[in-house]
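Remarks on the structure that follows.
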Amino acid sequence: MKRMGTLIIAVLITVSIAPSASAAAEREANWRQRVSTADDVVASDISEEIKFGREVAARILGRYGYLENPQLTKYLNLVGRSIAMHTSRPELEFRFALLDTAEVNAYATPGGYVFVTRGALEKMTDEAELAGVLAHEIAHITEKHVVKELNIRSSEATGVTGLALLIGGGSEAAKVTLNQLTDKAVDILFKDGYKREDEVQADKHAVMLCSLAGYDPQGLVRYFERLNTVKGKSTEILDKTHPSYEARIAWIKSVITEEGMDAGSYAAHKERFARNRELR
């Protein structure tokens with residue numbers, strides 16, 4: 001099992017390589033507004049959100065282990081950060097890493113930590129599919145789905161999450177609370193799954209984020225259609241914690257049609273993806 005410090009060092013990448021969005025400016029402005037619905041947060045909550053997310057991320061790494069491949073990790077971060085730059089959470093530094101497991105899945109934790117498994121990467125055929133998966137996980141973070149599911153609220157009138165009130169400082173009570181919240185977050189990721197409406201929102205935001213970054217929004221559809229034909233041991237957790245592929249494909253296609261994304265000119269970058277995936 002690799003250390004969390006190794007993960008953080010490996011993913012501090014700041015360059016973006018995805019192409020610019022090619023849809024009309026007015027439509028892009030509408031998509032940006034649609035994927036910027038998260039509540040405002042204050043500095044103290046941001047720092048505690050990152051702290052909370054780091055604890056959950058450590059549990060994920062403890063379960064699977066980190067695939068230590070600097071070049072491939074850099075590529076993953078270039079793609080992921082090209083998506084994240086279009087979100088409503090500029091205060092977060094998103095970090096992307098690969099998990100060393102044949103299981104097919106991806107995970108997001110509060111504060112900007114995103115993981116994709118080696119098994120998931122092996123099932124993808126182009127960069128647009130990777131972008132779709134990363135965008136879905138990014139949406140879970142920007143919309144604070146884990147934090148909201150755990151009902152972490154402030155008693156103040158600010159409307160912020162109240163994480164700083166619960167786990168701020170170094171008291172024993174705060175440490176116990178942080179551990180309990182981490183346990184519950186891990187249960188959401190590995191056992192219970194998100195609420196259906198959260199998955200719908202994450203999928204819909206994912207295709208809009210991909211379009212804004214110039215990626216083919218159909219990438220996520222292609223990926224789900226492929227997974228739907230290879231269900232088995234490697235997709236067990238994914239299948240258990242998410243709505244059916246048929247349902248997800250249907251609502252993604254409806255968004256693509258309704259928003260006119262099927263009329264745009266988008267990139268899949270199949271060859272570039274193949275070159276970088278071979279780095280593993």
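The chains in the structure tokens are called A, B, ... from first to last as shown; in each chain the residues are counted from 1, and the ligands are counted from 1 in the order shown.
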Can you build me a table of region 203-234 of chain A residues sitting at most 12 Å from region 68-91 of chain A, with the closest atom pair per residue and its distance in Å to one decimal, using only C-alpha atoms, sorted by chain and residue number, as a Markdown table?
| residue | atom | partner | partner_atom | distance |
| --- | --- | --- | --- | --- |
| A:His205 | CA | A:Thr87 | CA | 9.5 |
| A:Ala206 | CA | A:Ile83 | CA | 9.1 |
| A:Val207 | CA | A:Ile83 | CA | 10.5 |
| A:Met208 | CA | A:His86 | CA | 9.6 |
| A:Leu209 | CA | A:Ile83 | CA | 6.2 |
| A:Cys210 | CA | A:Ile83 | CA | 6.6 |
| A:Ser211 | CA | A:Ile83 | CA | 9.4 |
| A:Leu212 | CA | A:His86 | CA | 7.0 |
| A:Ala213 | CA | A:Ile83 | CA | 6.0 |
| A:Gly214 | CA | A:Ile83 | CA | 9.3 |
| A:Tyr215 | CA | A:Ile83 | CA | 9.3 |
Fewer than 4 positions away in the same chain doesn't count, so skip those; otherwise give me all residues within 12 Å of Gln201 (chain A), counting only C-alpha atoms, as a JSON list (two decimals) with C-alpha atoms, in the first residue's frame.
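Wrote it out as around-v2.json, contents follow:
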[["chain", "number", "residue", "atom", "x", "y", "z"],
["A", 34, "ARG", "CA", -26.42, 24.85, -14.72],
["A", 35, "VAL", "CA", -23.29, 23.19, -13.32],
["A", 36, "SER", "CA", -22.66, 25.92, -10.74],
["A", 37, "THR", "CA", -25.42, 25.23, -8.23],
["A", 38, "ALA", "CA", -23.36, 24.38, -5.14],
["A", 135, "ALA", "CA", -16.53, 14.69, -14.77],
["A", 136, "HIS", "CA", -19.11, 12.51, -13.02],
["A", 137, "GLU", "CA", -16.88, 12.20, -9.96],
["A", 138, "ILE", "CA", -16.04, 15.91, -10.05],
["A", 139, "ALA", "CA", -19.76, 16.68, -9.96],
["A", 140, "HIS", "CA", -20.18, 14.62, -6.78],
["A", 141, "ILE", "CA", -17.54, 16.87, -5.20],
["A", 142, "THR", "CA", -18.77, 20.22, -6.48],
["A", 143, "GLU", "CA", -22.33, 19.45, -5.41],
["A", 144, "LYS", "CA", -21.10, 18.17, -2.02],
["A", 145, "HIS", "CA", -23.19, 15.01, -2.28],
["A", 194, "TYR", "CA", -25.48, 7.87, -3.49],
["A", 195, "LYS", "CA", -29.12, 8.86, -3.72],
["A", 196, "ARG", "CA", -30.59, 8.30, -7.15],
["A", 197, "GLU", "CA", -31.12, 12.03, -7.64],
["A", 205, "HIS", "CA", -23.44, 17.70, -15.03],
["A", 206, "ALA", "CA", -20.77, 15.37, -16.39],
["A", 207, "VAL", "CA", -21.92, 15.64, -19.99],
["A", 208, "MET", "CA", -22.21, 19.43, -19.71],
["A", 209, "LEU", "CA", -18.72, 19.70, -18.22],
["A", 248, "ARG", "CA", -28.29, 6.23, -16.82],
["A", 251, "TRP", "CA", -31.15, 10.29, -19.02],
["A", 252, "ILE", "CA", -27.72, 11.17, -20.40],
["A", 255, "VAL", "CA", -29.68, 15.80, -21.84]]
Show me, as CSV, the residues of region 70-143 of chain A having an atom within 12 Å of region 176-190 of chain A, each with the closest atom pair and its distance in Å, using only C-alpha atoms.
residue,atom,partner,partner_atom,distance
A:Asn105,CA,A:Phe190,CA,10.2
A:Ala106,CA,A:Leu189,CA,9.5
A:Tyr107,CA,A:Leu189,CA,7.2
A:Ala108,CA,A:Leu189,CA,8.4
A:Thr109,CA,A:Ala185,CA,8.3
A:Pro110,CA,A:Ala185,CA,9.5
A:Phe115,CA,A:Leu189,CA,11.8
A:Glu137,CA,A:Leu189,CA,11.4
A:His140,CA,A:Leu189,CA,11.2
Discussion item. Can you measure CA of Glu48 (chain A) to CA of Val147 (chain A) for me? One decimal in Å is fine.
Written reply: 11.3 Å
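CA of Lys270 (chain A) lies 13.0 Å from CA of Leu121 (chain A).
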Discussion item. Could you check the closest approach to Arg222 (chain A) for each of A:Lys123, A:Arg118, A:Arg272, A:Arg54 and tell me which residue wins, using only C-alpha atoms?
Written reply: A:Lys123
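When CA of Lys175 (chain A) is paired with CA of Ile60 (chain A), their separation reads 19.0 Å.
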Worksheet entry | All residues 12 Å or closer to Ala247 (chain A), only C-alpha atoms, same chain fewer than 6 positions away omitted, as a PyMOL selection string | chain A and resi 196+199-200+203+221+224-225+228+253-254
Worksheet entry | DSSP-assigned helix (DSSP H, G or I) members of region 31-131 of chain A, reported as a PyMOL selection string | chain A and resi 31-34+43-64+70-84+118-123+127-131
